[in-house]
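Asks: The file below is structure-v6.cif, mmCIF, C-alpha atoms:
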```
data_target
loop_
_atom_site.label_atom_id
_atom_site.label_comp_id
_atom_site.auth_asym_id
_atom_site.auth_seq_id
_atom_site.Cartn_x
_atom_site.Cartn_y
_atom_site.Cartn_z
CA MET U 1 18.51 -34.91 -7.54
CA ALA U 2 15.85 -32.63 -6.04
CA LYS U 3 13.86 -30.38 -8.32
CA ALA U 4 14.28 -26.68 -7.81
CA LYS U 5 11.12 -24.88 -6.78
CA SER U 6 9.77 -22.75 -9.57
CA LYS U 7 8.79 -19.24 -8.61
CA GLN U 8 5.52 -18.24 -10.15
CA LYS U 9 5.12 -14.59 -11.00
CA GLN U 10 2.25 -13.08 -9.09
CA LYS U 11 -0.53 -11.75 -11.27
CA ASP U 12 -1.03 -8.00 -11.49
CA ILE U 13 -4.38 -6.53 -10.51
CA ALA U 14 -5.96 -3.07 -10.58
CA VAL U 15 -8.10 -1.86 -7.68
CA ARG U 16 -9.72 1.55 -7.29
CA VAL U 17 -10.61 2.73 -3.79
CA VAL U 18 -12.73 5.58 -2.45
CA ILE U 19 -11.78 6.53 1.11
CA GLU U 20 -14.27 8.38 3.31
CA GLY U 21 -13.75 10.20 6.60
CA ARG U 22 -11.36 12.98 7.55
CA VAL U 23 -9.06 12.33 4.59
CA GLN U 24 -8.50 15.73 2.98
CA GLY U 25 -6.10 18.29 4.42
CA VAL U 26 -4.29 15.63 6.48
CA GLY U 27 -1.59 14.49 4.02
CA PHE U 28 -3.50 11.43 2.81
CA ARG U 29 -2.68 11.86 -0.89
CA TRP U 30 1.01 12.41 -0.08
CA TRP U 31 0.99 9.31 2.17
CA ILE U 32 -0.63 7.18 -0.56
CA ARG U 33 1.77 8.45 -3.25
CA GLU U 34 4.86 7.80 -1.11
CA TRP U 35 3.66 4.34 -0.04
CA ALA U 36 2.72 3.32 -3.60
CA ASN U 37 5.95 4.65 -5.14
CA SER U 38 8.10 2.91 -2.54
CA ARG U 39 6.48 -0.42 -3.46
CA GLY U 40 6.57 0.03 -7.23
CA LEU U 41 2.83 0.37 -7.81
CA ASP U 42 1.38 2.20 -10.79
CA GLY U 43 -1.74 4.35 -10.57
CA TRP U 44 -2.96 7.67 -9.28
CA VAL U 45 -4.59 9.48 -6.35
CA ARG U 46 -6.92 12.50 -6.21
CA ASN U 47 -9.31 14.39 -3.97
CA ARG U 48 -13.00 14.43 -4.82
CA HIS U 49 -15.25 17.43 -4.29
CA GLU U 50 -17.51 15.57 -1.86
CA GLY U 51 -14.57 15.21 0.57
CA THR U 52 -13.29 11.71 -0.24
CA VAL U 53 -9.94 10.56 -1.61
CA GLU U 54 -9.92 8.22 -4.62
CA ALA U 55 -6.96 6.13 -5.78
CA LEU U 56 -6.13 3.46 -8.34
CA PHE U 57 -3.47 0.87 -7.48
CA TYR U 58 -1.96 -1.47 -10.07
CA GLY U 59 0.69 -4.10 -9.47
CA PRO U 60 1.28 -7.51 -7.88
CA GLU U 61 -1.86 -8.74 -6.15
CA SER U 62 -0.32 -9.08 -2.67
CA VAL U 63 1.14 -5.57 -2.79
CA VAL U 64 -2.14 -4.04 -4.02
CA ARG U 65 -4.12 -5.91 -1.33
CA HIS U 66 -1.74 -4.68 1.36
CA MET U 67 -2.08 -1.11 0.05
CA VAL U 68 -5.88 -1.31 0.21
CA GLU U 69 -5.69 -2.64 3.79
CA SER U 70 -3.28 0.15 4.72
CA CYS U 71 -5.74 2.75 3.42
CA ALA U 72 -8.14 1.69 6.18
CA LYS U 73 -5.58 3.07 8.65
CA GLY U 74 -4.04 5.91 6.63
CA PRO U 75 -1.68 8.52 8.02
CA GLU U 76 -1.87 9.29 11.72
CA SER U 77 -3.86 12.52 11.31
CA ALA U 78 -6.59 10.89 9.16
CA ARG U 79 -9.80 9.36 10.51
CA ILE U 80 -11.12 6.69 8.15
CA ARG U 81 -14.84 5.94 8.09
CA SER U 82 -14.84 3.51 5.14
CA VAL U 83 -12.83 2.24 2.18
CA ARG U 84 -14.88 1.15 -0.82
CA GLU U 85 -13.05 -1.11 -3.25
CA TYR U 86 -13.71 -1.69 -6.97
CA GLU U 87 -12.03 -3.82 -9.63
CA ASP U 88 -10.63 -1.61 -12.38
CA GLU U 89 -8.37 -1.51 -15.43
CA SER U 90 -4.63 -0.88 -15.38
CA PRO U 91 -3.63 2.80 -15.69
CA ASP U 92 -2.61 4.22 -19.07
CA ASP U 93 0.86 5.29 -17.92
CA PRO U 94 3.48 3.73 -15.63
CA GLY U 95 4.32 5.33 -12.30
CA PHE U 96 2.14 6.75 -9.53
CA ILE U 97 0.85 10.31 -9.90
CA ASP U 98 -1.46 12.96 -8.41
CA ARG U 99 -4.54 13.75 -10.46
CA PRO U 100 -6.62 16.93 -10.29
CA THR U 101 -9.65 17.06 -8.00
CA VAL U 102 -12.94 15.92 -9.54
#
```
Using the file provided, produce a representation of the structure as structure tokens.

Replies:
Amino acid sequence: MAKAKSKQKQKDIAVRVVIEGRVQGVGFRWWIREWANSRGLDGWVRNRHEGTVEALFYGPESVVRHMVESCAKGPESARIRSVREYEDESPDDPGFIDRPTV
């Protein structure tokens, strides 16, 4: 009798990104929130006063990695110059939310 393959649960990771370029006033935060919610990620997104967008993604590693890669493209009207990535801690609350500008 053949052994059934065991499915290992993917580990959850938290990654914070800071996205530079033409990223404010182009629907970037909305795009991130919709994308993250549709894939079940927890975290947040906000504008920063210096003109960047910052976000925290928490969830299965492959989904978070794909989200970070997608941020390098962004919505059609955005022009991305760089995406800086940092390891971080999981958010305090479940779900994906907008945070106030800092």

Asks: Separation of CA of Phe96 (chain U) and CA of His49 (chain U), in Å?

Replies: 21.1 Å

Asks: Quick one: apply the PyMOL selection byres ((chain U and resi 16) around 12) to the file and drop the selected residues here as a VMD selection string.

Replies: chain U and resid 13 to 15 17 to 19 42 to 46 53 to 58 64 to 65 67 to 68 71 83 to 91

Asks: From the set U:Arg48, U:Trp30, U:Gln10, U:Arg22, which residue has the shortest atom-to-atom contact distance to Val102 (chain U), counting all atoms listed in the file?

Replies: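 Checking each candidate against Val102 (chain U), we get U:Arg48 as the closest.
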
Asks: Return as a PyMOL selection string the set of residues that the PyMOL selection byres ((chain U and resi 24) around 10) yields on the displayed structure.

Replies: chain U and resi 19-23+25-29+46-48+51-53+78-79

Asks: Restricting it to C-alpha atoms, dump the selection as a PDB file, in the frame of the given file.

Replies:
```
ATOM      1  CA  ILE U  19     -11.780   6.530   1.110  1.00  0.00           C
ATOM      2  CA  GLU U  20     -14.270   8.380   3.310  1.00  0.00           C
ATOM      3  CA  GLY U  21     -13.750  10.200   6.600  1.00  0.00           C
ATOM      4  CA  ARG U  22     -11.360  12.980   7.550  1.00  0.00           C
ATOM      5  CA  VAL U  23      -9.060  12.330   4.590  1.00  0.00           C
ATOM      6  CA  GLY U  25      -6.100  18.290   4.420  1.00  0.00           C
ATOM      7  CA  VAL U  26      -4.290  15.630   6.480  1.00  0.00           C
ATOM      8  CA  GLY U  27      -1.590  14.490   4.020  1.00  0.00           C
ATOM      9  CA  PHE U  28      -3.500  11.430   2.810  1.00  0.00           C
ATOM     10  CA  ARG U  29      -2.680  11.860  -0.890  1.00  0.00           C
ATOM     11  CA  ARG U  46      -6.920  12.500  -6.210  1.00  0.00           C
ATOM     12  CA  ASN U  47      -9.310  14.390  -3.970  1.00  0.00           C
ATOM     13  CA  ARG U  48     -13.000  14.430  -4.820  1.00  0.00           C
ATOM     14  CA  GLY U  51     -14.570  15.210   0.570  1.00  0.00           C
ATOM     15  CA  THR U  52     -13.290  11.710  -0.240  1.00  0.00           C
ATOM     16  CA  VAL U  53      -9.940  10.560  -1.610  1.00  0.00           C
ATOM     17  CA  ALA U  78      -6.590  10.890   9.160  1.00  0.00           C
ATOM     18  CA  ARG U  79      -9.800   9.360  10.510  1.00  0.00           C
TER      19      ARG U  79
END
```

Asks: What separation in Å, quoted to one decimal, exists between CA of Ser82 (chain U) and CA of Glu50 (chain U)?

Replies: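 CA of Ser82 (chain U) sits 14.2 Å away from CA of Glu50 (chain U).
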
Asks: Please indicate the distance in Å from CA of Asp12 (chain U) to CA of Gly74 (chain U), rounded to one decimal place.

Replies: 23.0 Å

Asks: Any chance you could work out the axis-aligned box around region 58-77 of chain U, listed atoms only, 8 Å on each side, giving centre and edge lengths in Å to one decimal, as lines of an AutoDock Vina configuration file?

Replies:
```
center_x = -3.4
center_y = 1.7
center_z = 0.8
size_x = 25.4
size_y = 37.6
size_z = 37.8
```
